file entry31.cif (mmCIF, C-alpha atoms and all ligand atoms)
data_model
#
loop_
_atom_site.label_atom_id
_atom_site.label_comp_id
_atom_site.auth_asym_id
_atom_site.auth_seq_id
_atom_site.Cartn_x
_atom_site.Cartn_y
_atom_site.Cartn_z
CA MET A 1 2.89 -7.85 18.09
CA SER A 2 1.40 -10.69 20.06
CA MET A 3 2.58 -11.39 23.57
CA THR A 4 3.56 -14.89 22.45
CA ARG A 5 5.94 -13.57 19.85
CA ARG A 6 7.45 -11.03 22.22
CA ILE A 7 8.11 -13.74 24.78
CA PHE A 8 9.71 -15.87 22.11
CA LEU A 9 12.08 -13.07 21.22
CA LEU A 10 13.05 -12.36 24.79
CA VAL A 11 13.33 -15.92 26.05
CA THR A 12 14.58 -18.05 23.22
CA ALA A 13 16.64 -15.67 21.14
CA PRO A 14 18.73 -13.61 23.56
CA ALA A 15 21.85 -13.93 21.42
CA LEU A 16 20.12 -12.70 18.31
CA SER A 17 19.19 -9.15 17.82
CA ALA A 18 15.49 -8.63 18.32
CA VAL A 19 15.81 -5.94 15.71
CA ALA A 20 17.03 -8.45 13.16
CA LEU A 21 14.37 -11.03 14.00
CA ASP A 22 11.65 -8.46 14.14
CA ARG A 23 13.11 -6.18 11.55
CA TRP A 24 10.16 -5.94 9.18
CA PRO A 25 6.94 -5.87 11.12
CA THR A 26 5.25 -4.15 8.18
CA SER A 27 3.33 -6.22 5.64
CA ILE A 28 0.80 -5.80 2.86
CA LEU A 29 -2.48 -7.69 2.66
CA ASP A 30 -5.14 -7.97 -0.01
CA ALA A 31 -3.55 -5.81 -2.71
CA TRP A 32 -5.68 -5.53 -5.85
CA ALA A 33 -6.16 -3.21 -8.80
CA ARG A 34 -9.35 -2.18 -10.50
CA ALA A 35 -9.75 -3.34 -14.10
CA THR A 36 -9.73 -0.36 -16.49
CA PRO A 37 -11.48 0.47 -19.75
CA PRO A 38 -9.35 -0.10 -22.89
CA MET A 39 -8.31 3.55 -23.30
CA ALA A 40 -7.68 4.36 -19.65
CA ARG A 41 -4.54 6.34 -18.82
CA THR A 42 -4.77 5.79 -15.09
CA GLY A 43 -5.40 2.87 -12.77
CA VAL A 44 -5.85 2.44 -9.08
CA VAL A 45 -4.47 -0.04 -6.53
CA TYR A 46 -5.90 -0.80 -3.10
CA MET A 47 -4.38 -2.73 -0.22
CA THR A 48 -4.15 -2.99 3.54
CA ILE A 49 -0.84 -2.11 5.16
CA ARG A 50 -0.24 -3.71 8.55
CA ASN A 51 2.34 -2.63 11.10
CA GLU A 52 2.75 -5.23 13.83
CA GLY A 53 5.76 -3.50 15.28
CA ARG A 54 6.27 -1.00 18.06
CA GLU A 55 7.64 1.77 15.86
CA PRO A 56 5.80 3.81 13.26
CA ASP A 57 6.58 3.06 9.64
CA ALA A 58 5.56 4.87 6.47
CA LEU A 59 4.96 4.01 2.85
CA ILE A 60 7.26 6.36 0.98
CA ALA A 61 7.41 5.14 -2.63
CA ALA A 62 5.94 2.74 -5.14
CA GLN A 63 6.79 1.83 -8.69
CA THR A 64 5.54 -0.57 -11.33
CA GLU A 65 6.36 -1.43 -14.89
CA ALA A 66 2.59 -1.20 -15.56
CA ALA A 67 2.70 2.62 -15.46
CA ALA A 68 5.06 5.57 -15.73
CA ARG A 69 4.39 6.60 -12.13
CA ALA A 70 2.64 5.34 -9.03
CA GLU A 71 1.44 8.06 -6.64
CA LEU A 72 -0.25 7.82 -3.30
CA HIS A 73 -3.48 9.83 -3.22
CA ARG A 74 -6.25 10.56 -0.80
CA THR A 75 -9.81 11.24 -1.97
CA VAL A 76 -11.46 14.02 -0.02
CA ILE A 77 -14.97 15.38 -0.38
CA GLU A 78 -15.13 19.17 -0.54
CA ASN A 79 -18.54 20.80 -1.00
CA GLY A 80 -19.89 17.51 -2.26
CA ILE A 81 -17.16 17.11 -4.88
CA ALA A 82 -14.57 14.34 -4.66
CA ARG A 83 -11.02 15.53 -5.19
CA MET A 84 -7.72 13.70 -4.98
CA GLN A 85 -4.76 15.02 -3.04
CA PRO A 86 -1.23 13.64 -3.31
CA VAL A 87 0.06 12.04 -0.10
CA PRO A 88 3.89 12.32 -0.05
CA HIS A 89 4.24 9.54 2.51
CA LEU A 90 1.70 7.49 4.40
CA GLU A 91 2.25 6.97 8.11
CA ILE A 92 1.54 3.45 9.39
CA PRO A 93 1.24 3.73 13.18
CA PRO A 94 2.47 0.81 15.29
CA GLY A 95 -0.06 -1.94 15.86
CA SER A 96 -2.42 -0.76 13.19
CA ASP A 97 -3.83 -1.41 9.74
CA VAL A 98 -4.06 1.40 7.21
CA ARG A 99 -6.47 0.65 4.39
CA LEU A 100 -6.23 1.89 0.84
CA GLU A 101 -9.78 1.47 -0.38
CA PRO A 102 -12.33 2.97 -2.77
CA ASN A 103 -13.17 6.60 -1.95
CA GLY A 104 -10.20 6.90 0.39
CA LEU A 105 -6.48 6.34 0.15
CA HIS A 106 -5.26 4.71 -3.05
CA LEU A 107 -2.20 4.18 -5.16
CA MET A 108 -2.76 5.87 -8.49
CA LEU A 109 -1.06 4.45 -11.55
CA ILE A 110 -0.39 7.28 -13.96
CA GLU A 111 0.26 6.81 -17.67
CA LEU A 112 -0.66 3.16 -17.82
CA ARG A 113 1.37 1.29 -20.40
CA ALA A 114 -1.58 -1.02 -21.12
CA PRO A 115 -5.11 -1.40 -19.78
CA LEU A 116 -5.47 -3.42 -16.59
CA VAL A 117 -7.35 -6.58 -17.51
CA ALA A 118 -9.32 -8.58 -14.96
CA GLY A 119 -7.75 -11.94 -14.24
CA THR A 120 -4.20 -10.75 -14.93
CA SER A 121 -1.66 -9.39 -12.46
CA PHE A 122 1.30 -7.03 -12.59
CA PRO A 123 4.38 -6.42 -10.43
CA LEU A 124 4.51 -3.57 -7.94
CA ARG A 125 7.38 -2.57 -5.68
CA VAL A 126 6.71 -0.58 -2.55
CA LYS A 127 9.24 1.05 -0.26
CA PHE A 128 8.89 1.87 3.42
CA ARG A 129 10.76 4.35 5.60
CA SER A 130 12.02 1.43 7.72
CA GLY A 131 14.01 0.23 4.70
CA LEU A 132 11.61 -2.56 3.83
CA GLU A 133 10.99 -3.04 0.12
CA LEU A 134 8.28 -5.44 -1.00
CA ALA A 135 7.69 -6.86 -4.47
CA LEU A 136 4.05 -7.76 -5.01
CA ALA A 137 2.05 -9.33 -7.80
CA VAL A 138 -1.14 -7.28 -7.86
CA PRO A 139 -4.23 -9.10 -9.18
CA VAL A 140 -6.61 -7.11 -11.38
CA ARG A 141 -10.31 -7.41 -10.57
CA THR A 142 -13.45 -6.11 -12.15
CA ALA A 143 -14.70 -2.95 -10.51
CA ARG A 144 -17.70 -3.19 -8.27
CA ALA A 145 -20.16 -0.36 -7.98
CA GLY A 146 -18.79 2.74 -6.29
CA GLY A 147 -16.44 4.66 -8.43
CA HIS A 148 -13.10 6.28 -8.23
CA SER A 149 -12.97 9.71 -9.79
CA ALA A 150 -10.56 10.15 -12.63
CA HIS A 151 -7.90 12.81 -12.84
CU CU A 201 -5.86 9.28 -7.40
#
call {"tool": "encode", "arguments": {"input": "entry31.cif", "output": "structure tokens"}}
result
Amino acid sequence: MSMTRRIFLLVTAPALSAVALDRWPTSILDAWARATPPMARTGVVYMTIRNEGREPDALIAAQTEAAARAELHRTVIENGIARMQPVPHLEIPPGSDVRLEPNGLHLMLIELRAPLVAGTSFPLRVKFRSGLELALAVPVRTARAGGHSAH
């Protein structure tokens, strides 16, 4: 949180709860999904999660009508082989950005109901431990080079 905003809370809003004003310091930036081939059963979503607050938060759940399930995964390299591990919840430390990006953390869409087509978007709901729930429209973009291993 910037000093300016903190001063605003303390000086001009003493009667209001700072918790209420500053209740959701967590936000999502730059969410996008990789376009998939026509027969794909899985898709992947990337984003940056920002916590401007003073308390840790965590991404604990996600769901979308585009797929049966949305799971948080981490890609790890073991003996030169990329493997994906489920991440039950993703800690977002205070004052930090956590990036879901190719070859790292990602939201995996499992059992896609339809292929993800570049230029379209689909709804995604994400839930945080703080109680925040966000509804996003995730744009689908053509994949650049640098792959994401399939399940
Ligand atoms: Cu995955």
call {"tool": "closest_residue", "arguments": {"input": "entry31.cif", "among": "A:Ala35, A:Ile81, A:Leu116, A:Leu107", "to": "ligand CU 201 (chain A)", "atoms": "all atoms listed in the file"}}
result
A:Leu107
call {"tool": "residues_around", "arguments": {"input": "entry31.cif", "residues": "Arg113 (chain A)", "least_positions_apart": "6", "cutoff": "8 Å", "atoms": "all atoms listed in the file", "output": "ChimeraX atom specification"}}
result
/A:41,65-68
call {"tool": "residues_around", "arguments": {"input": "entry31.cif", "residues": "Met39 (chain A)", "least_positions_apart": "4", "cutoff": "10 Å", "atoms": "all atoms listed in the file", "output": "PyMOL selection string"}}
result
chain A and resi 112+114-115
call {"tool": "atom_distance", "arguments": {"input": "entry31.cif", "atom1": "CA of Thr142 (chain A)", "atom2": "CA of Val87 (chain A)"}}
result
25.6 Å
call {"tool": "residues_near_ligand", "arguments": {"input": "entry31.cif", "ligand": "ligand CU 201 (chain A)", "cutoff": "10 Å", "atoms": "all atoms listed in the file", "output": "short mmCIF file (atom, residue, chain, number, x, y, z; two decimals) with C-alpha atoms, in the frame of the given file"}}
result
data_model
loop_
_atom_site.label_atom_id
_atom_site.label_comp_id
_atom_site.auth_asym_id
_atom_site.auth_seq_id
_atom_site.Cartn_x
_atom_site.Cartn_y
_atom_site.Cartn_z
CA THR A 42 -4.77 5.79 -15.09
CA GLY A 43 -5.40 2.87 -12.77
CA VAL A 44 -5.85 2.44 -9.08
CA VAL A 45 -4.47 -0.04 -6.53
CA ALA A 70 2.64 5.34 -9.03
CA GLU A 71 1.44 8.06 -6.64
CA LEU A 72 -0.25 7.82 -3.30
CA HIS A 73 -3.48 9.83 -3.22
CA ARG A 74 -6.25 10.56 -0.80
CA THR A 75 -9.81 11.24 -1.97
CA ARG A 83 -11.02 15.53 -5.19
CA MET A 84 -7.72 13.70 -4.98
CA GLN A 85 -4.76 15.02 -3.04
CA PRO A 86 -1.23 13.64 -3.31
CA VAL A 87 0.06 12.04 -0.10
CA ASN A 103 -13.17 6.60 -1.95
CA GLY A 104 -10.20 6.90 0.39
CA LEU A 105 -6.48 6.34 0.15
CA HIS A 106 -5.26 4.71 -3.05
CA LEU A 107 -2.20 4.18 -5.16
CA MET A 108 -2.76 5.87 -8.49
CA LEU A 109 -1.06 4.45 -11.55
CA ILE A 110 -0.39 7.28 -13.96
CA HIS A 148 -13.10 6.28 -8.23
CA SER A 149 -12.97 9.71 -9.79
CA ALA A 150 -10.56 10.15 -12.63
CA HIS A 151 -7.90 12.81 -12.84
#
call {"tool": "residues_around", "arguments": {"input": "entry31.cif", "residues": "Gly131 (chain A)", "least_positions_apart": "2", "cutoff": "12 Å", "atoms": "all atoms listed in the file", "output": "ChimeraX atom specification"}}
result
/A:23-26,57-61,126-129,133-134
call {"tool": "atom_distance", "arguments": {"input": "entry31.cif", "atom1": "CA of Ser121 (chain A)", "atom2": "CA of Tyr46 (chain A)"}}
result
13.4 Å
call {"tool": "atom_distance", "arguments": {"input": "entry31.cif", "atom1": "CA of Pro123 (chain A)", "atom2": "CA of Leu29 (chain A)"}}
result
14.8 Å
call {"tool": "closest_residue", "arguments": {"input": "entry31.cif", "among": "A:Pro93, A:Gly119, A:Pro139, A:Pro102", "to": "Asn51 (chain A)", "atoms": "all atoms listed in the file"}}
result
A:Pro93
call {"tool": "closest_residue", "arguments": {"input": "entry31.cif", "among": "A:Val76, A:Leu100, A:Met47, A:Ala118", "to": "Ala31 (chain A)", "atoms": "only C-alpha atoms"}}
result
A:Met47
call {"tool": "closest_residue", "arguments": {"input": "entry31.cif", "among": "A:Arg50, A:Arg34, A:His89, A:Arg69", "to": "Leu124 (chain A)", "atoms": "all atoms listed in the file"}}
result
A:Arg69
call {"tool": "closest_residue", "arguments": {"input": "entry31.cif", "among": "A:Trp32, A:Arg54, A:Ile49, A:Val138", "to": "Leu90 (chain A)", "atoms": "only C-alpha atoms"}}
result
A:Ile49
call {"tool": "closest_residue", "arguments": {"input": "entry31.cif", "among": "A:Glu78, A:Ile28, A:Thr36, A:Glu55", "to": "Glu91 (chain A)", "atoms": "all atoms listed in the file"}}
result
A:Glu55
call {"tool": "decode", "arguments": {"input": "entry31.cif", "residues": "region 43-73 of chain A", "atoms": "C-alpha atoms", "output": "mmCIF file, in the first residue's frame"}}
result
data_model
loop_
_atom_site.group_PDB
_atom_site.id
_atom_site.type_symbol
_atom_site.label_atom_id
_atom_site.label_comp_id
_atom_site.auth_asym_id
_atom_site.auth_seq_id
_atom_site.Cartn_x
_atom_site.Cartn_y
_atom_site.Cartn_z
ATOM 1 C CA GLY A 43 -6.343 -25.445 -21.176
ATOM 2 C CA VAL A 44 -4.167 -23.132 -19.183
ATOM 3 C CA VAL A 45 -4.710 -19.677 -17.668
ATOM 4 C CA TYR A 46 -2.027 -17.221 -16.593
ATOM 5 C CA MET A 47 -2.320 -14.050 -14.540
ATOM 6 C CA THR A 48 -0.599 -11.845 -12.014
ATOM 7 C CA ILE A 49 -2.050 -11.723 -8.514
ATOM 8 C CA ARG A 50 -1.250 -8.572 -6.558
ATOM 9 C CA ASN A 51 -1.564 -8.132 -2.810
ATOM 10 C CA GLU A 52 -1.295 -4.475 -1.827
ATOM 11 C CA GLY A 53 -2.324 -5.172 1.729
ATOM 12 C CA ARG A 54 -0.432 -5.820 4.936
ATOM 13 C CA GLU A 55 -1.765 -9.330 5.472
ATOM 14 C CA PRO A 56 -1.037 -12.443 3.451
ATOM 15 C CA ASP A 57 -3.806 -13.716 1.225
ATOM 16 C CA ALA A 58 -4.100 -16.928 -0.764
ATOM 17 C CA LEU A 59 -5.819 -18.115 -3.897
ATOM 18 C CA ILE A 60 -7.846 -21.091 -2.725
ATOM 19 C CA ALA A 61 -10.269 -21.964 -5.537
ATOM 20 C CA ALA A 62 -11.227 -21.254 -9.119
ATOM 21 C CA GLN A 63 -14.071 -22.364 -11.328
ATOM 22 C CA THR A 64 -15.264 -21.722 -14.852
ATOM 23 C CA GLU A 65 -18.074 -22.871 -17.065
ATOM 24 C CA ALA A 66 -15.404 -23.438 -19.755
ATOM 25 C CA ALA A 67 -14.191 -26.630 -18.033
ATOM 26 C CA ALA A 68 -15.226 -29.263 -15.519
ATOM 27 C CA ARG A 69 -12.459 -28.235 -13.119
ATOM 28 C CA ALA A 70 -9.851 -25.536 -12.673
ATOM 29 C CA GLU A 71 -6.762 -26.587 -10.695
ATOM 30 C CA LEU A 72 -3.754 -24.619 -9.627
ATOM 31 C CA HIS A 73 -0.519 -26.303 -10.746
#
